[in-house]
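Contents: one structure, followed by commentary.
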Amino acid sequence: MSSTTTYDQEADAAYVRLAPEGIVVATTREVAPGIILDLDAGGRLVGIEVLNVRSRVADGGASLAARPAA
């Protein structure tokens with residue numbers, strides 16, 4: 001399985017897409033504050049969004065600064 005990870009520095013949000021691009025998101029669930037799961041119609045995981053990334057990672061998000069936003 002391949003995944004795509006993007007980081008939007010302005011929004012301080014990261015997204016990991018686990019499913020191929022053709023798979024459509026049918027449902028979005030916030031499972032914890034700032035942790036959002038995208039699911040397809042069958043309830044399978046399509047992607048994960050993490051908000052307020054800098055406050056959640058050990059290095060303050062310094063290693064994410066070079067990642068392009070989608």
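Letters for chains follow the order of the structure tokens (A, B, ...), residue numbers begin at 1 for each chain, and ligand numbers begin at 1 in the order shown.
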Tell me, as a list in words, which residues lie within 7 Å of stretch 33-49 of chain A, counting only C-alpha atoms; anything in the same chain fewer than 2 positions away does not count. Ala13, Ala14, Tyr15, Val16, Arg17, Leu18, Ala19, Val24, Val25, Ala26, Thr27, Thr28, Arg29, Glu30, Val31 and Leu51 of chain A
What residues in chain A get the DSSP label strand (DSSP E)? Please answer as a PyMOL selection string. chain A and resi 4-8+13-17+27-32+35-39+45-51
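Taking atom CA of A:Thr6 as the reference point, atom CA of A:Glu21 is found at 13.9 Å.
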When DSSP works through the backbone of this structure, what residues of chain A end up as helix (DSSP H, G or I), shown as a list in words?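 Assigned to helix (DSSP H, G or I), within chain A: Val53, Arg54, Ser55, Ala62, Ser63 and Leu64 of chain A.
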